[in-house]
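Shown next: work-v2.txt, given as compact mmCIF, C-alpha atoms.
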# COMPACT_ATOMS: atom_id res chain seq x y z
CA MET A 1 -0.43 25.66 6.35
CA GLU A 2 -3.87 27.15 5.88
CA ASN A 3 -6.72 24.83 6.65
CA ASN A 4 -10.38 24.95 7.54
CA ILE A 5 -10.23 22.33 10.25
CA GLN A 6 -8.29 24.11 12.98
CA ARG A 7 -11.36 24.24 15.21
CA GLN A 8 -12.00 20.52 14.77
CA ILE A 9 -8.36 19.73 15.55
CA LEU A 10 -8.53 21.73 18.78
CA TYR A 11 -11.71 19.89 19.71
CA TYR A 12 -10.07 16.56 18.93
CA ASN A 13 -7.00 17.36 21.01
CA GLU A 14 -9.18 18.31 23.97
CA HIS A 15 -11.26 15.11 23.74
CA LYS A 16 -8.65 12.75 22.31
CA ASP A 17 -8.72 10.11 25.05
CA ASP A 18 -12.51 9.88 25.16
CA LEU A 19 -12.81 9.75 21.37
CA LEU A 20 -10.15 7.05 21.06
CA LYS A 21 -11.93 5.01 23.69
CA GLU A 22 -15.39 5.41 22.20
CA TYR A 23 -14.49 5.01 18.53
CA ASN A 24 -11.69 2.44 18.65
CA LYS A 25 -11.07 0.84 15.22
CA LYS A 26 -13.38 3.32 13.47
CA TYR A 27 -13.02 6.38 11.31
CA ILE A 28 -14.52 9.54 12.74
CA VAL A 29 -15.65 12.73 11.08
CA VAL A 30 -15.71 15.89 13.18
CA SER A 31 -17.98 18.48 11.60
CA PRO A 32 -17.55 22.29 11.63
CA GLU A 33 -20.19 22.26 14.40
CA LEU A 34 -17.94 19.81 16.31
CA GLN A 35 -20.33 16.91 15.99
CA VAL A 36 -18.75 13.49 15.77
CA LYS A 37 -19.93 10.61 13.61
CA SER A 38 -18.16 7.27 13.21
CA PHE A 39 -17.72 5.00 10.18
CA ASP A 40 -16.32 1.58 9.44
CA ALA A 41 -14.57 2.63 6.23
CA LEU A 42 -12.58 5.63 5.07
CA SER A 43 -14.74 5.87 1.96
CA GLU A 44 -17.91 6.23 4.07
CA GLY A 45 -16.42 8.94 6.24
CA PHE A 46 -14.99 10.89 3.31
CA THR A 47 -18.23 10.73 1.33
CA TYR A 48 -20.28 11.78 4.34
CA GLY A 49 -17.94 14.67 5.06
CA VAL A 50 -17.89 15.98 1.49
CA GLU A 51 -21.65 15.67 1.04
CA ASN A 52 -22.57 17.31 4.32
CA PHE A 53 -19.84 19.87 5.00
CA GLY A 54 -17.96 20.35 1.73
CA TYR A 55 -14.48 19.22 0.76
CA GLY A 56 -11.84 20.43 3.18
CA ASN A 57 -14.24 21.43 5.95
CA PHE A 58 -14.14 18.34 8.16
CA LEU A 59 -11.64 16.39 10.22
CA LEU A 60 -11.41 12.73 9.22
CA LYS A 61 -9.53 10.71 11.80
CA ASP A 62 -8.37 7.14 11.40
CA PHE A 63 -8.70 5.13 14.61
CA THR A 64 -8.19 1.80 12.86
CA ILE A 65 -4.43 1.97 13.39
CA PRO A 66 -2.95 1.98 16.91
CA ALA A 67 -2.60 5.56 18.13
CA GLN A 68 0.95 5.07 19.35
CA GLN A 69 2.15 3.16 16.29
CA VAL A 70 5.20 4.64 14.63
CA HIS A 71 4.87 4.91 10.86
CA ILE A 72 8.13 4.85 9.02
CA ILE A 73 7.99 6.88 5.83
CA SER A 74 11.58 6.37 4.79
CA PRO A 75 14.71 5.33 6.63
CA THR A 76 14.97 8.90 7.87
CA ILE A 77 11.39 10.05 8.24
CA ALA A 78 8.80 8.65 10.62
CA ARG A 79 5.17 9.43 11.31
CA ILE A 80 4.21 9.11 14.97
CA MET B 1 -12.86 -8.15 -9.23
CA ILE B 2 -9.27 -9.29 -9.62
CA THR B 3 -6.92 -6.64 -10.99
CA ALA B 4 -3.20 -6.67 -11.62
CA HIS B 5 -0.39 -4.48 -12.89
CA THR B 6 3.18 -5.32 -13.92
CA LYS B 7 6.22 -3.19 -14.59
CA HIS B 8 9.17 -4.70 -16.43
CA PHE B 9 12.46 -2.85 -16.06
CA ASP B 10 15.21 -3.20 -18.68
CA THR B 11 17.86 -4.00 -16.10
CA ILE B 12 18.20 -4.95 -12.45
CA VAL B 13 17.05 -1.90 -10.50
CA ARG B 14 17.29 -0.99 -6.87
CA ARG B 15 14.78 1.83 -7.11
CA MET B 16 11.43 0.86 -8.53
CA VAL B 17 9.76 4.04 -9.77
CA ILE B 18 6.57 3.65 -11.78
CA PRO B 19 3.83 5.96 -13.04
CA CYS B 20 0.90 6.26 -10.67
CA GLU B 21 -2.32 8.20 -11.14
CA ILE B 22 -3.89 9.93 -8.17
CA ALA B 23 -7.09 11.93 -7.86
CA ILE B 24 -9.43 13.36 -5.28
CA PRO B 25 -12.09 10.65 -4.81
CA GLY B 26 -15.13 11.53 -6.91
CA ASN B 27 -13.30 14.28 -8.82
CA ALA B 28 -11.86 12.86 -12.05
CA ASP B 29 -10.73 16.33 -13.18
CA SER B 30 -8.16 16.43 -10.39
CA LYS B 31 -6.24 13.45 -11.82
CA GLN B 32 -2.44 13.71 -11.85
CA THR B 33 0.23 11.25 -12.92
CA LEU B 34 3.10 10.98 -10.45
CA SER B 35 6.35 9.03 -10.35
CA ALA B 36 5.94 6.65 -7.45
CA LEU B 37 8.76 4.91 -5.62
CA TRP B 38 7.84 1.50 -4.20
CA ASP B 39 9.23 1.37 -0.70
CA THR B 40 8.65 -1.65 1.51
CA GLY B 41 10.40 0.26 4.29
CA ALA B 42 7.63 2.84 4.38
CA THR B 43 4.54 1.98 6.37
CA SER B 44 2.54 4.87 4.93
CA THR B 45 2.17 6.34 1.46
CA CYS B 46 3.10 9.96 0.95
CA ILE B 47 2.95 12.46 -1.87
CA SER B 48 4.83 15.64 -2.58
CA GLN B 49 3.26 18.57 -0.78
CA GLU B 50 3.91 20.63 -3.90
CA VAL B 51 1.71 18.26 -5.91
CA ALA B 52 -0.95 18.31 -3.20
CA VAL B 53 -1.19 22.09 -3.39
CA LYS B 54 -1.22 22.03 -7.19
CA MET B 55 -4.08 19.52 -7.17
CA GLY B 56 -6.09 21.51 -4.69
CA LEU B 57 -6.02 18.76 -2.09
CA LYS B 58 -7.36 19.92 1.26
CA PRO B 59 -6.13 18.41 4.52
CA GLU B 60 -8.55 16.36 6.58
CA ASP B 61 -6.12 15.65 9.40
CA PHE B 62 -2.55 16.32 10.47
CA THR B 63 0.07 13.97 11.80
CA PRO B 64 3.44 14.59 13.41
CA VAL B 65 6.38 13.63 11.20
CA ILE B 66 9.94 13.32 12.36
CA GLY B 67 12.40 14.48 9.72
CA MET B 68 16.07 13.88 9.09
CA GLU B 69 17.30 16.23 11.78
CA ASN B 70 14.84 14.91 14.35
CA LYS B 71 12.69 17.98 13.83
CA THR B 72 9.00 17.27 14.18
CA ILE B 73 6.64 18.85 11.68
CA GLU B 74 2.89 18.57 11.34
CA ALA B 75 2.15 16.95 8.00
CA PRO B 76 -1.27 17.01 6.37
CA LEU B 77 -3.24 13.88 5.52
CA TYR B 78 -5.32 13.68 2.36
CA SER B 79 -7.78 11.10 1.06
CA ILE B 80 -6.98 10.22 -2.53
CA GLN B 81 -7.64 7.55 -5.12
CA ILE B 82 -4.62 5.66 -6.46
CA SER B 83 -4.54 3.90 -9.86
CA MET B 84 -1.81 1.90 -11.53
CA GLY B 85 -3.21 0.27 -14.64
CA SER B 86 -6.27 -1.68 -13.57
CA PHE B 87 -5.03 -1.75 -9.96
CA VAL B 88 -7.14 0.83 -8.12
CA ILE B 89 -7.37 1.82 -4.47
CA PRO B 90 -10.45 4.08 -4.38
CA TYR B 91 -9.78 5.62 -0.96
CA ILE B 92 -6.55 5.89 0.99
CA GLN B 93 -5.19 8.50 3.37
CA VAL B 94 -1.72 9.68 2.40
CA ILE B 95 0.73 12.10 3.96
CA GLY B 96 1.82 15.30 2.22
CA LEU B 97 5.56 15.87 2.61
CA PRO B 98 8.20 18.09 1.05
CA MET B 99 10.19 15.91 -1.37
CA SER B 100 13.57 16.87 -2.68
CA SER B 101 13.97 13.94 -5.08
CA HIS B 102 13.72 14.73 -8.78
CA GLU B 103 13.07 11.06 -9.55
CA HIS B 104 9.84 10.60 -7.65
CA ASP B 105 7.07 12.71 -6.17
CA MET B 106 5.30 9.90 -4.37
CA ILE B 107 6.29 7.02 -2.09
CA LEU B 108 4.11 3.92 -2.14
CA GLY B 109 4.26 2.31 1.28
CA MET B 110 3.11 -0.90 2.84
CA ASP B 111 -0.38 0.52 3.32
CA VAL B 112 -0.79 0.14 -0.46
CA MET B 113 0.98 -3.20 -0.74
CA VAL B 114 -1.27 -4.83 1.88
CA HIS B 115 -4.17 -4.48 -0.56
CA GLY B 116 -2.98 -7.57 -2.44
CA ASP B 117 0.06 -9.60 -3.46
CA VAL B 118 3.34 -8.03 -4.57
CA SER B 119 6.29 -9.80 -6.17
CA ILE B 120 9.73 -8.57 -7.21
CA THR B 121 11.71 -10.88 -9.46
CA ASN B 122 15.09 -10.43 -11.12
CA HIS B 123 15.13 -13.17 -13.74
CA ASN B 124 17.48 -12.86 -16.72
CA GLY B 125 18.95 -9.61 -15.43
CA GLN B 126 15.65 -7.73 -15.46
CA THR B 127 13.67 -6.58 -12.47
CA THR B 128 9.95 -7.15 -12.70
CA LEU B 129 7.49 -5.71 -10.22
CA SER B 130 4.05 -7.26 -10.30
CA PHE B 131 1.09 -6.80 -8.03
CA ARG B 132 -2.53 -7.80 -7.86
CA GLN B 133 -5.56 -7.39 -5.67
CA PRO B 134 -7.03 -9.03 -3.77
CA SER B 135 -4.48 -11.39 -2.30
CA LEU B 136 -5.00 -14.81 -3.88
CA GLU B 137 -2.45 -17.12 -2.33
CA THR B 138 0.60 -17.41 -0.12
CA ILE B 139 3.85 -17.50 -2.05
CA ASP B 140 6.44 -19.48 -0.10
CA TYR B 141 9.72 -20.13 -1.90
CA SER B 142 11.07 -22.10 1.07
CA LYS B 143 8.16 -24.53 0.88
CA GLU B 144 8.56 -24.84 -2.89
CA VAL B 145 12.23 -25.81 -2.50
CA ARG B 146 11.45 -28.24 0.34
CA ASP B 147 8.65 -29.84 -1.70
CA ILE B 148 10.70 -30.26 -4.87
CA LYS B 149 13.54 -31.89 -2.94
CA ARG B 150 11.14 -34.25 -1.19
CA PHE B 151 9.18 -35.11 -4.34
CA THR B 152 12.35 -35.64 -6.39
CA THR B 153 13.66 -38.13 -3.83
CA MET B 154 10.32 -39.94 -3.76
CA HIS B 155 10.04 -39.88 -7.56
CA MET B 156 13.45 -41.54 -7.98
CA ALA B 157 12.40 -44.35 -5.63
CA TRP B 158 8.99 -44.76 -7.31
CA GLN B 159 10.53 -44.71 -10.77
CA LYS B 160 12.61 -47.77 -9.93
CA GLN B 161 9.34 -49.55 -9.21
CA GLY B 162 7.90 -48.45 -12.56
CA ASN B 163 5.66 -45.73 -11.09
CA ASN B 164 6.00 -42.45 -13.01
CA LYS B 165 3.22 -40.57 -11.19
CA CYS B 166 4.13 -37.38 -9.37
CA PRO B 167 4.46 -37.97 -5.61
CA CYS B 168 2.56 -34.77 -4.83
CA GLY B 169 -0.73 -36.62 -5.25
CA SER B 170 -1.99 -34.71 -8.27
CA GLY B 171 -2.38 -37.91 -10.26
CA ARG B 172 -0.38 -36.45 -13.15
CA LEU B 173 2.81 -37.87 -14.61
CA TRP B 174 6.05 -36.61 -13.04
CA GLU B 175 7.09 -34.85 -16.29
CA ASN B 176 3.82 -32.97 -16.41
CA CYS B 177 3.83 -31.97 -12.76
CA HIS B 178 6.67 -31.26 -10.32
CA GLY B 179 9.14 -32.83 -12.79
CA ASN B 180 8.47 -29.76 -14.90
CA SER B 181 9.30 -27.42 -12.01
CA VAL B 182 11.35 -24.31 -12.71
CA TYR B 183 13.69 -25.45 -9.95
CA LEU B 184 14.63 -28.66 -11.81
CA LEU B 185 14.79 -26.96 -15.21
CA LYS B 186 17.21 -24.38 -13.77
CA LYS B 187 19.31 -27.13 -12.24
CA GLN B 188 19.60 -28.93 -15.59
CA LYS B 189 21.00 -25.83 -17.37

Let me see the file written as structure tokens.
Amino acid sequence: MENNIQRQILYYNEHKDDLLKEYNKKYIVVSPELQVKSFDALSEGFTYGVENFGYGNFLLKDFTIPAQQVHIISPTIARI
Amino acid sequence: MITAHTKHFDTIVRRMVIPCEIAIPGNADSKQTLSALWDTGATSTCISQEVAVKMGLKPEDFTPVIGMENKTIEAPLYSIQISMGSFVIPYIQVIGLPMSSHEHDMILGMDVMVHGDVSITNHNGQTTLSFRQPSLETIDYSKEVRDIKRFTTMHMAWQKQGNNKCPCGSGRLWENCHGNSVYLLKKQK
């Protein structure tokens, strides 16, 4: 799938452990310039991202749910 | 603000599919009406990827998803607004997934239901789904049954002594309080 956040995802994957530790129970926005800002609510992060970088140009990560939690979508599909 | 929405089905149903409006937050023009399946077995809400593309939703994250054949795919996450009647969740992250069902193009998971109280009743052969936000009280059918049994026993003893007050302590007459309970009315039928 085409997306504009490939660079941010690579950055996140490289710094995942540190980011999880620093921003536990927060939402984080990773900008196109790979700057990280944290928020208490999804709405704050989304609004900040859209206003500053444009819709679809930022990574918005939810650290409020446990990273290893398994999310069951249906009896046969699970998000990990 | 307290909001609520109710869907009455004509019969007993095992699949509760209801209309649900979604939109990109802050973009009313993107609004779409989907058929949403309520699924207490789903922890996360997902929408049809086909709909996501049609709406112009852009991913803001990806998450691994294990499919039916244990194949892992990377599924996009989107922030959307969800509305059902006056029940609105202004921001929620949902997963975009291929959906083969012709009956629904959205699955409402527990991440939506935790926003308030949800009840499913099947009275008189009709399923009714009702939900509200925020959560207002704990509904405990076990406690209700225990209480009515206890109060009925106490009421019978009090009645012999000429006391017709409800034993629950409300100060009201038995007939106007727990004596008017749906549990006792059902039993009398």

Practice item. For each of B:Glu50, B:Asp61, B:Glu74, B:Glu137, take the minimum atom-to-atom distance to chain A, counting all atoms listed in the file, then give the residue where this is smallest. Key: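 Residue with the minimum atom-to-atom distance to chain A: B:Asp61.
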
Point to revise | CA of Leu57 (chain B) to CA of Asp17 (chain A), distance in Å rounded to a single decimal | key: 28.6 Å

Exercise for review: Choose the residue, out of B:Pro25, B:Gly96, B:Pro19, B:Gly41, that has the smallest atom-to-atom separation from Val53 (chain B); count all atoms listed in the file.
Suggested key: B:Gly96

Practice item. Tell me, in Å to one decimal, how far CA of Cys168 (chain B) is from CA of Ile148 (chain B). Key: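 It comes out at 9.3 Å.
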
Check your understanding: Suppose you want the space between CA of Trp174 (chain B) and CA of Thr153 (chain B); what is it in Å?
Key ->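 Distance reported for this atom pair: 12.0 Å.
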
Review point. Counting all atoms listed in the file, which residues of chain B come no farther than 7 Å from chain A, as number ranges by chain?
Key: B: 41-44, 58-61, 63-68, 91

Review point. Counting all atoms listed in the file, what is within 6 Å of region 24-28 of chain A, bar same-chain residues fewer than 3 positions away, as a VMD selection string?
Key: chain A and resid 20 to 21 37 to 40 60 to 64

Check your understanding: Restricting the calculation to only C-alpha atoms, which member of B:Gln81, B:Gln159, B:Gln49, B:Thr3 is positioned closest to Ser30 (chain B)?
Key ->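 Nearest candidate to Ser30 (chain B) out of B:Gln81, B:Gln159, B:Gln49, B:Thr3: B:Gln81.
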
Leaving out Gly179 (chain B) and any residue of its chain fewer than 3 positions from it, which residues lie within 9 Å of it when counting only C-alpha atoms, given as a short mmCIF file (atom, residue, chain, number, x, y, z; two decimals) with C-alpha atoms, keeping the file's coordinate frame?
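Once everything was written out, this is selection.cif:
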data_model
loop_
_atom_site.label_atom_id
_atom_site.label_comp_id
_atom_site.auth_asym_id
_atom_site.auth_seq_id
_atom_site.Cartn_x
_atom_site.Cartn_y
_atom_site.Cartn_z
CA ILE B 148 10.70 -30.26 -4.87
CA PHE B 151 9.18 -35.11 -4.34
CA THR B 152 12.35 -35.64 -6.39
CA HIS B 155 10.04 -39.88 -7.56
CA CYS B 166 4.13 -37.38 -9.37
CA LEU B 173 2.81 -37.87 -14.61
CA TRP B 174 6.05 -36.61 -13.04
CA GLU B 175 7.09 -34.85 -16.29
CA ASN B 176 3.82 -32.97 -16.41
CA VAL B 182 11.35 -24.31 -12.71
CA LEU B 184 14.63 -28.66 -11.81
CA LEU B 185 14.79 -26.96 -15.21
#

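Of the listed residues B:Ile2, B:Thr45, B:Ser35, B:Asn164, the one whose atoms come nearest to Asp117 (chain B) is B:Ile2, with distances taken using only C-alpha atoms.
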
Exercise for review: Write out as a PyMOL selection string the residues lying within 12 Å of Lys7 (chain B), counting all atoms listed in the file and excluding same-chain residues fewer than 4 positions away.
Suggested key: chain B and resi 11+13+16-20+38+84-85+118-122+126-132
